[in-house]
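> Dropping in start.cif, with mmCIF, C-alpha atoms.
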```cif
data_data
#
loop_
_atom_site.label_atom_id
_atom_site.label_comp_id
_atom_site.auth_asym_id
_atom_site.auth_seq_id
_atom_site.Cartn_x
_atom_site.Cartn_y
_atom_site.Cartn_z
CA MET A 112 19.60 0.62 -29.54
CA LYS A 113 18.01 3.43 -27.49
CA ILE A 114 17.05 2.40 -23.96
CA ASN A 115 13.73 3.58 -22.56
CA HIS A 116 14.67 4.05 -18.93
CA ASN A 117 11.12 5.05 -17.97
CA ASN A 118 9.83 1.62 -18.93
CA TYR A 119 12.18 -0.08 -16.48
CA LEU A 120 11.30 2.42 -13.76
CA LYS A 121 7.62 1.83 -14.43
CA LEU A 122 8.22 -1.89 -13.97
CA ALA A 123 10.00 -1.15 -10.68
CA PHE A 124 7.00 0.85 -9.43
CA ASN A 125 4.60 -1.94 -10.37
CA ILE A 126 6.76 -4.39 -8.44
CA ALA A 127 6.78 -2.02 -5.45
CA LYS A 128 2.96 -2.25 -5.34
CA ILE A 129 3.16 -5.90 -4.28
CA ASN A 130 3.94 -5.08 -0.64
CA LEU A 131 2.46 -1.59 -0.52
CA GLY A 132 1.10 -1.05 2.99
CA LYS A 133 2.97 -4.03 4.46
CA THR A 134 6.45 -2.60 5.00
CA ASN A 135 5.90 -0.95 8.38
CA SER A 136 7.68 2.44 8.63
CA ASN A 137 9.83 1.77 5.55
CA PRO A 138 8.65 2.66 2.04
CA SER A 139 7.69 -0.15 -0.31
CA VAL A 140 10.42 0.00 -2.95
CA GLY A 141 10.71 -1.85 -6.25
CA CYS A 142 13.98 -2.73 -7.97
CA VAL A 143 14.83 -4.06 -11.44
CA VAL A 144 18.26 -5.12 -12.70
CA VAL A 145 18.91 -4.90 -16.45
CA LYS A 146 21.82 -6.32 -18.44
CA ASP A 147 22.18 -6.26 -22.23
CA ASN A 148 18.66 -4.77 -22.50
CA SER A 149 17.11 -7.70 -20.61
CA VAL A 150 15.72 -7.85 -17.08
CA ILE A 151 17.84 -10.39 -15.19
CA SER A 152 16.53 -9.87 -11.67
CA SER A 153 14.02 -7.93 -9.60
CA GLY A 154 13.05 -7.43 -5.99
CA TYR A 155 10.84 -5.47 -3.65
CA THR A 156 10.87 -4.48 0.01
CA SER A 157 10.00 -7.45 2.20
CA ILE A 158 7.05 -7.51 4.60
CA ASN A 159 7.75 -5.37 7.69
CA GLY A 160 10.36 -3.39 5.74
CA ARG A 161 13.42 -5.65 5.60
CA PRO A 162 15.36 -6.78 3.63
CA HIS A 163 15.25 -3.87 1.21
CA ALA A 164 14.38 -4.17 -2.47
CA GLU A 165 17.96 -3.78 -3.72
CA PHE A 166 19.21 -6.57 -1.48
CA ASN A 167 16.40 -8.89 -2.59
CA ALA A 168 17.18 -8.18 -6.24
CA LEU A 169 20.95 -8.65 -5.95
CA ASN A 170 21.21 -11.41 -3.35
CA SER A 171 21.99 -14.26 -5.75
CA PRO A 172 25.08 -15.79 -7.42
CA ARG A 173 24.04 -14.34 -10.80
CA ASN A 174 26.63 -12.24 -12.65
CA PHE A 175 25.53 -8.60 -12.23
CA ASN A 176 28.76 -7.04 -13.47
CA ASN A 177 28.16 -3.95 -15.67
CA SER A 178 24.38 -4.11 -15.14
CA ASP A 179 21.99 -1.18 -14.71
CA LEU A 180 19.84 -0.96 -11.61
CA TYR A 181 16.44 0.76 -11.61
CA VAL A 182 14.88 1.54 -8.26
CA THR A 183 11.87 3.63 -7.23
CA MET A 184 13.69 5.41 -4.39
CA GLU A 185 17.36 6.20 -3.95
CA PRO A 186 19.31 3.38 -2.25
CA CYS A 187 20.00 3.80 1.46
CA THR A 188 23.52 4.68 2.57
CA HIS A 189 23.32 4.28 6.36
CA TYR A 190 23.85 1.39 8.74
CA GLY A 191 20.69 0.46 10.63
CA VAL A 192 19.25 -2.97 11.27
CA THR A 193 20.80 -3.96 7.93
CA PRO A 194 23.87 -2.67 6.04
CA PRO A 195 23.37 0.09 3.43
CA CYS A 196 22.11 -1.00 0.02
CA THR A 197 24.89 1.01 -1.63
CA ASN A 198 27.32 -1.65 -0.35
CA ILE A 199 25.76 -4.58 -2.21
CA ILE A 200 25.24 -2.40 -5.30
CA ALA A 201 28.97 -1.64 -5.41
CA ASN A 202 30.03 -5.19 -4.52
CA LYS A 203 27.93 -6.69 -7.32
CA GLY A 204 29.54 -4.52 -10.00
CA ILE A 205 26.52 -2.40 -10.94
CA LYS A 206 27.49 0.15 -13.60
CA ARG A 207 24.62 2.66 -13.41
CA VAL A 208 21.74 3.38 -11.02
CA PHE A 209 18.49 5.09 -12.03
CA TYR A 210 15.96 6.16 -9.40
CA SER A 211 12.85 8.37 -9.18
CA PHE A 212 12.60 9.75 -5.62
CA ASN A 213 15.05 11.12 -3.10
CA ASP A 214 14.57 9.65 0.36
CA THR A 215 13.54 12.15 3.04
CA ASP A 216 15.15 10.11 5.81
CA LYS A 217 17.87 12.43 7.14
CA ARG A 218 20.28 9.52 7.56
CA THR A 219 20.42 8.86 3.83
CA ALA A 220 18.72 11.73 1.95
CA LYS A 221 20.51 12.59 -1.30
CA MET A 222 23.58 10.63 -0.21
CA SER A 223 23.46 7.68 -2.63
CA LYS A 224 24.89 9.64 -5.54
CA VAL A 225 27.84 10.72 -3.41
CA GLU A 226 28.55 7.27 -1.96
CA LEU A 227 28.12 5.39 -5.24
CA GLY A 228 30.13 8.05 -7.08
CA LYS A 229 33.10 7.14 -4.90
CA LYS A 230 32.86 3.63 -6.41
CA LYS A 231 32.74 5.03 -9.97
CA ILE A 232 29.05 4.15 -10.29
CA LYS A 233 26.97 6.66 -12.24
CA VAL A 234 23.67 7.71 -10.65
CA TYR A 235 20.74 9.36 -12.44
CA LYS A 236 17.49 10.72 -11.04
CA ARG A 237 14.53 10.34 -13.39
CA PHE A 238 11.12 11.59 -12.33
CA ASN A 239 8.04 9.68 -13.54
CA ALA A 240 4.88 11.81 -13.41
CA ASN A 241 2.67 8.72 -13.51
CA PHE A 242 3.85 7.82 -10.01
CA LYS A 243 4.22 11.30 -8.51
CA ASP A 244 1.99 10.42 -5.51
CA PHE A 245 3.31 6.92 -4.92
CA TYR A 246 5.13 7.84 -1.70
CA GLN A 247 2.88 10.66 -0.46
CA SER A 248 2.04 8.83 2.77
CA TYR A 249 5.71 8.03 3.49
CA PHE A 250 6.83 11.60 2.84
CA LEU A 251 4.02 13.02 4.98
CA ILE A 252 4.95 10.83 7.94
CA LYS A 253 8.67 11.59 7.64
CA LYS A 254 8.14 15.33 7.31
CA ASN A 255 5.30 15.98 9.77
CA THR A 256 5.21 12.78 11.89
CA ILE A 257 1.48 12.48 11.31
CA PRO A 258 -0.37 9.62 9.61
CA PHE A 259 -1.69 9.78 6.06
CA ILE A 260 -5.48 9.36 6.17
CA ASP A 261 -8.00 8.57 3.44
CA ALA A 262 -11.77 8.48 3.85
CA LYS A 263 -13.83 5.73 2.24
CA ILE A 264 -17.62 6.09 2.24
CA ALA A 265 -20.12 4.05 0.25
CA VAL A 266 -22.89 6.51 -0.58
CA SER A 267 -25.88 6.42 -2.91
CA LYS A 268 -26.77 9.17 -5.38
CA ASP A 269 -29.30 10.54 -2.91
CA TYR A 270 -26.69 10.60 -0.10
CA PHE A 271 -27.71 7.53 1.87
CA THR A 272 -25.10 5.16 3.32
CA ILE A 273 -27.50 2.41 4.42
CA ASN A 274 -30.23 0.50 2.64
CA LYS A 275 -32.63 -1.12 5.12
CA LYS A 276 -33.80 -3.66 2.54
CA TYR A 277 -30.41 -4.78 1.23
CA ARG A 278 -27.17 -5.40 3.05
CA TRP A 279 -25.06 -3.58 0.45
CA ILE A 280 -25.58 -0.37 -1.50
CA THR A 281 -22.53 -1.16 -3.67
CA ASN A 282 -21.90 -3.98 -6.12
CA SER A 283 -19.43 -6.85 -5.74
CA LYS A 284 -16.80 -5.27 -8.00
CA SER A 285 -16.63 -2.06 -5.97
CA ARG A 286 -16.47 -4.06 -2.73
CA ASP A 287 -13.61 -6.18 -4.05
CA ARG A 288 -11.82 -2.99 -5.08
CA THR A 289 -12.36 -1.61 -1.59
CA HIS A 290 -10.78 -4.69 -0.01
CA LEU A 291 -7.76 -4.30 -2.27
CA ILE A 292 -7.34 -0.64 -1.28
CA ARG A 293 -7.75 -1.52 2.40
CA SER A 294 -4.89 -4.01 2.13
CA GLU A 295 -2.53 -1.12 1.29
CA TYR A 296 -3.13 0.63 4.63
CA ASP A 297 -1.73 -0.09 8.09
CA ALA A 298 -4.93 0.59 10.01
CA ILE A 299 -8.64 1.04 9.43
CA ILE A 300 -11.01 3.12 11.55
CA SER A 301 -14.69 2.32 11.58
CA THR A 302 -17.66 2.65 13.91
CA SER A 303 -18.66 -0.21 16.18
CA LYS A 304 -22.18 -0.07 14.73
CA SER A 305 -20.85 -0.53 11.20
CA ILE A 306 -18.69 -3.45 12.24
CA ASN A 307 -21.47 -5.23 14.12
CA ASN A 308 -24.18 -4.52 11.55
CA ALA A 309 -22.17 -5.33 8.44
CA ASN A 310 -20.17 -8.18 9.94
CA ILE A 311 -17.08 -6.53 8.42
CA TRP A 312 -14.02 -8.53 7.38
CA ILE A 313 -10.84 -6.51 6.95
CA TYR A 314 -8.31 -8.11 4.61
CA LEU A 315 -4.65 -7.53 5.37
CA GLU A 316 -2.93 -9.65 2.75
CA ARG A 317 -3.45 -10.53 -0.86
CA THR A 318 -1.65 -13.20 -2.84
CA LEU A 319 -0.84 -13.81 -6.47
CA SER A 320 -1.99 -16.77 -8.53
CA LYS A 321 -0.81 -17.05 -12.13
CA GLY A 322 -0.13 -13.31 -12.26
CA LYS A 323 -3.60 -12.31 -11.07
CA TYR A 324 -4.95 -11.15 -7.76
CA HIS A 325 -7.27 -13.51 -5.95
CA LYS A 326 -10.82 -12.26 -5.77
CA LEU A 327 -11.41 -10.83 -2.31
CA GLY A 328 -14.71 -11.65 -0.68
CA GLN A 329 -16.17 -13.27 2.40
CA HIS A 330 -16.94 -16.56 0.65
CA ILE A 331 -13.79 -16.70 -1.49
CA LEU A 332 -11.12 -16.05 1.12
CA LYS A 333 -8.36 -18.16 -0.46
CA LYS A 334 -5.04 -17.41 1.28
CA ASN A 335 -5.86 -13.92 2.47
CA ASN A 336 -5.39 -13.42 6.18
CA THR A 337 -8.22 -11.69 8.01
CA LEU A 338 -8.12 -9.17 10.83
CA VAL A 339 -11.13 -9.48 13.11
CA LEU A 340 -11.80 -6.60 15.50
CA GLU A 341 -14.15 -6.83 18.46
CA PHE A 342 -15.63 -3.65 19.93
CA ASP A 343 -17.59 -3.15 23.15
CA LYS A 344 -20.90 -1.28 23.36
CA PHE A 345 -19.06 2.03 23.74
CA GLY A 346 -17.17 1.56 20.48
CA ILE A 347 -13.85 0.87 22.19
CA LEU A 348 -11.59 -1.82 20.75
CA LYS A 349 -11.89 -4.89 22.97
CA SER A 350 -9.78 -7.43 21.11
CA LYS A 351 -8.16 -8.13 17.76
CA LYS A 352 -6.90 -11.29 16.16
CA ILE A 353 -5.49 -12.29 12.79
CA TYR A 354 -6.95 -15.48 11.35
CA ASN A 355 -5.61 -17.51 8.46
CA LYS A 356 -7.68 -19.25 5.82
CA ASP A 357 -8.22 -22.46 7.83
CA ASP A 358 -9.33 -20.66 10.98
CA THR A 359 -11.98 -18.45 9.42
CA ASN A 360 -14.59 -21.21 9.28
CA LYS A 361 -14.40 -21.49 13.07
CA ILE A 362 -15.45 -17.89 13.71
CA ALA A 363 -18.98 -17.27 14.95
CA PHE A 364 -20.26 -13.75 14.39
CA SER A 365 -22.96 -12.01 16.38
CA ARG A 366 -25.73 -9.91 14.85
CA LYS A 367 -26.14 -8.00 18.10
CA GLU A 368 -26.22 -4.24 17.63
CA THR A 369 -24.78 -1.56 19.84
CA ARG A 370 -26.64 1.57 20.82
CA ASN A 371 -24.09 3.85 19.17
CA GLU A 372 -25.64 6.20 16.63
CA LEU A 373 -24.29 8.94 14.43
CA SER A 374 -25.51 12.43 15.22
CA LYS A 375 -26.27 15.17 12.71
CA ASP A 376 -22.93 16.75 13.66
CA SER A 377 -20.94 13.60 13.02
CA PHE A 378 -17.95 13.38 10.68
CA VAL A 379 -19.90 11.35 8.13
CA GLU A 380 -22.76 13.84 8.04
CA SER A 381 -20.35 16.77 7.68
CA PHE A 382 -18.38 14.98 4.98
CA LEU A 383 -21.49 14.24 2.92
CA GLN A 384 -22.75 17.80 3.21
CA SER A 385 -19.36 19.12 2.13
CA LEU A 386 -19.32 16.71 -0.81
CA LYS A 387 -22.81 17.76 -1.85
CA GLN A 388 -21.83 21.43 -1.70
CA LYS A 389 -18.78 20.88 -3.92
CA MET A 390 -20.74 18.85 -6.46
CA TYR A 391 -23.89 20.91 -6.72
CA GLY A 392 -23.17 24.24 -5.07
CA ASN A 393 -26.28 25.87 -3.71
CA ARG A 394 -28.67 23.89 -5.89
CA LYS A 395 -31.37 21.99 -4.04
#
```
Translate this structure into structure tokens?

Amino acid sequence: MKINHNNYLKLAFNIAKINLGKTNSNPSVGCVVVKDNSVISSGYTSINGRPHAEFNALNSPRNFNNSDLYVTMEPCTHYGVTPPCTNIIANKGIKRVFYSFNDTDKRTAKMSKVELGKKKIKVYKRFNANFKDFYQSYFLIKKNTIPFIDAKIAVSKDYFTINKKYRWITNSKSRDRTHLIRSEYDAIISTSKSINNANIWIYLERTLSKGKYHKLGQHILKKNNTLVLEFDKFGILKSKKIYNKDDTNKIAFSRKETRNELSKDSFVESFLQSLKQKMYGNRK
């Protein structure tokens, strides 16, 4: 029977998405263990980055001897806060390791094949084009020591970001999608006026229920923790606090507005003009 290794790697990437944005400076890695063409275990990087995915997948009394291990990024080989993952891979009797990305961390980059080869474990690198950008933020930070930044702007077809009659210019589905994307980032930058006017809730965590994501929304908070930021009238962060589900009903929000306004030379204005130019060229 021919084994489709890409299917198992795809599963590993989908598992890695569970804690994407929650693993601190470590990448969110997914790991799948296969024996006799059946998945017998899986794991992903824990919140804050430790333990690693391989440890979580192999840390059980199950018999892993002669199994194949599929992991999104090559296993680490260095001693840090935890021992190298190559140790537990060798100790559990893994026969072959398949991975998609080399780590750019100088302590372990391209070393797993060498270390595991010493234990007679075969290692194969298999690139999956469907996930070519999965670690772009991690690689950028490791290479250039600068953060990976995305811009999110809700804008109407006629280039307005605010509707004076309605609170939202987007629908509930797009807002739920936005909350999900936000949960994959470590930090969010916004204006104090936006936060005070929109009464913004920033969701940090999402949970699974019967294989599906909970709907994210202000009135259906479920188990999602909430980060509440308080800004002063100058737009400077005054305080921040993480609330759990039970505490959110105790929060009283103010509708008071600050005097901060966006000028014609602001980032948002420049971004929208640039977007308009790319979409329509010189047409008016």
> Evaluating the PyMOL selection byres ((chain A and resi 127) around 7) on the displayed file yields which residues, as an NGL selection string?
:A and (123-126 or 128-131 or 139-141 or 155)
> Got a sec to resolve the PyMOL selection byres ((chain A and resi 136) around 10) on this structure and send the residues as number ranges by chain?
A: 132-135, 137-139, 159-160, 249, 252-253, 297
> Expanded to explicit residues, what is the PyMOL selection byres ((chain A and resi 208-221) around 8) for this file, as a CSV table (one decimal) with C-alpha atoms, in the frame of the given file?

```csv
chain,number,residue,atom,x,y,z
A,116,HIS,CA,14.7,4.0,-18.9
A,120,LEU,CA,11.3,2.4,-13.8
A,179,ASP,CA,22.0,-1.2,-14.7
A,180,LEU,CA,19.8,-1.0,-11.6
A,181,TYR,CA,16.4,0.8,-11.6
A,182,VAL,CA,14.9,1.5,-8.3
A,183,THR,CA,11.9,3.6,-7.2
A,184,MET,CA,13.7,5.4,-4.4
A,185,GLU,CA,17.4,6.2,-4.0
A,187,CYS,CA,20.0,3.8,1.5
A,188,THR,CA,23.5,4.7,2.6
A,189,HIS,CA,23.3,4.3,6.4
A,205,ILE,CA,26.5,-2.4,-10.9
A,206,LYS,CA,27.5,0.2,-13.6
A,207,ARG,CA,24.6,2.7,-13.4
A,222,MET,CA,23.6,10.6,-0.2
A,223,SER,CA,23.5,7.7,-2.6
A,224,LYS,CA,24.9,9.6,-5.5
A,225,VAL,CA,27.8,10.7,-3.4
A,232,ILE,CA,29.0,4.2,-10.3
A,233,LYS,CA,27.0,6.7,-12.2
A,234,VAL,CA,23.7,7.7,-10.6
A,235,TYR,CA,20.7,9.4,-12.4
A,236,LYS,CA,17.5,10.7,-11.0
A,237,ARG,CA,14.5,10.3,-13.4
A,238,PHE,CA,11.1,11.6,-12.3
A,239,ASN,CA,8.0,9.7,-13.5
A,250,PHE,CA,6.8,11.6,2.8
A,253,LYS,CA,8.7,11.6,7.6
A,254,LYS,CA,8.1,15.3,7.3
```
> Of the candidates A:Arg161, A:Lys243, A:Lys263, A:Lys231, which shows the shortest atom-to-atom distance to A:Ile299, using all atoms listed in the file?
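Result for the nearest residue to A:Ile299: A:Lys263.
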> Measure the distance from atom CA of A:Ser157 to atom CA of A:Glu295 in Å and round it to one decimal.
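Straight-line distance from atom CA of A:Ser157 to atom CA of A:Glu295 works out to 14.1 Å.
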> Go ahead and compute the interatomic distance for atom CA of A:Asn202 and atom CA of A:Tyr119, in Å to one decimal.
22.1 Å
> Taking only C-alpha atoms into account, which of A:Asn198, A:Ser149, A:Gly191, A:Ser267 comes nearest A:Phe166?
A:Asn198
> Find the spatial neighbours of A:Ser153, counting only C-alpha atoms, within a cut-off of 7 Å - ignore same-chain residues fewer than 6 positions away - and output them as a list in words.
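In the requested format, the answer is Cys142, Val143, Val144 and Ala168 of chain A.
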> If I take atom CA of A:Ala265 and atom CA of A:Ile280, how far is one from the other in Å, to one decimal?
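Going from atom CA of A:Ala265 over to atom CA of A:Ile280 covers 7.2 Å.
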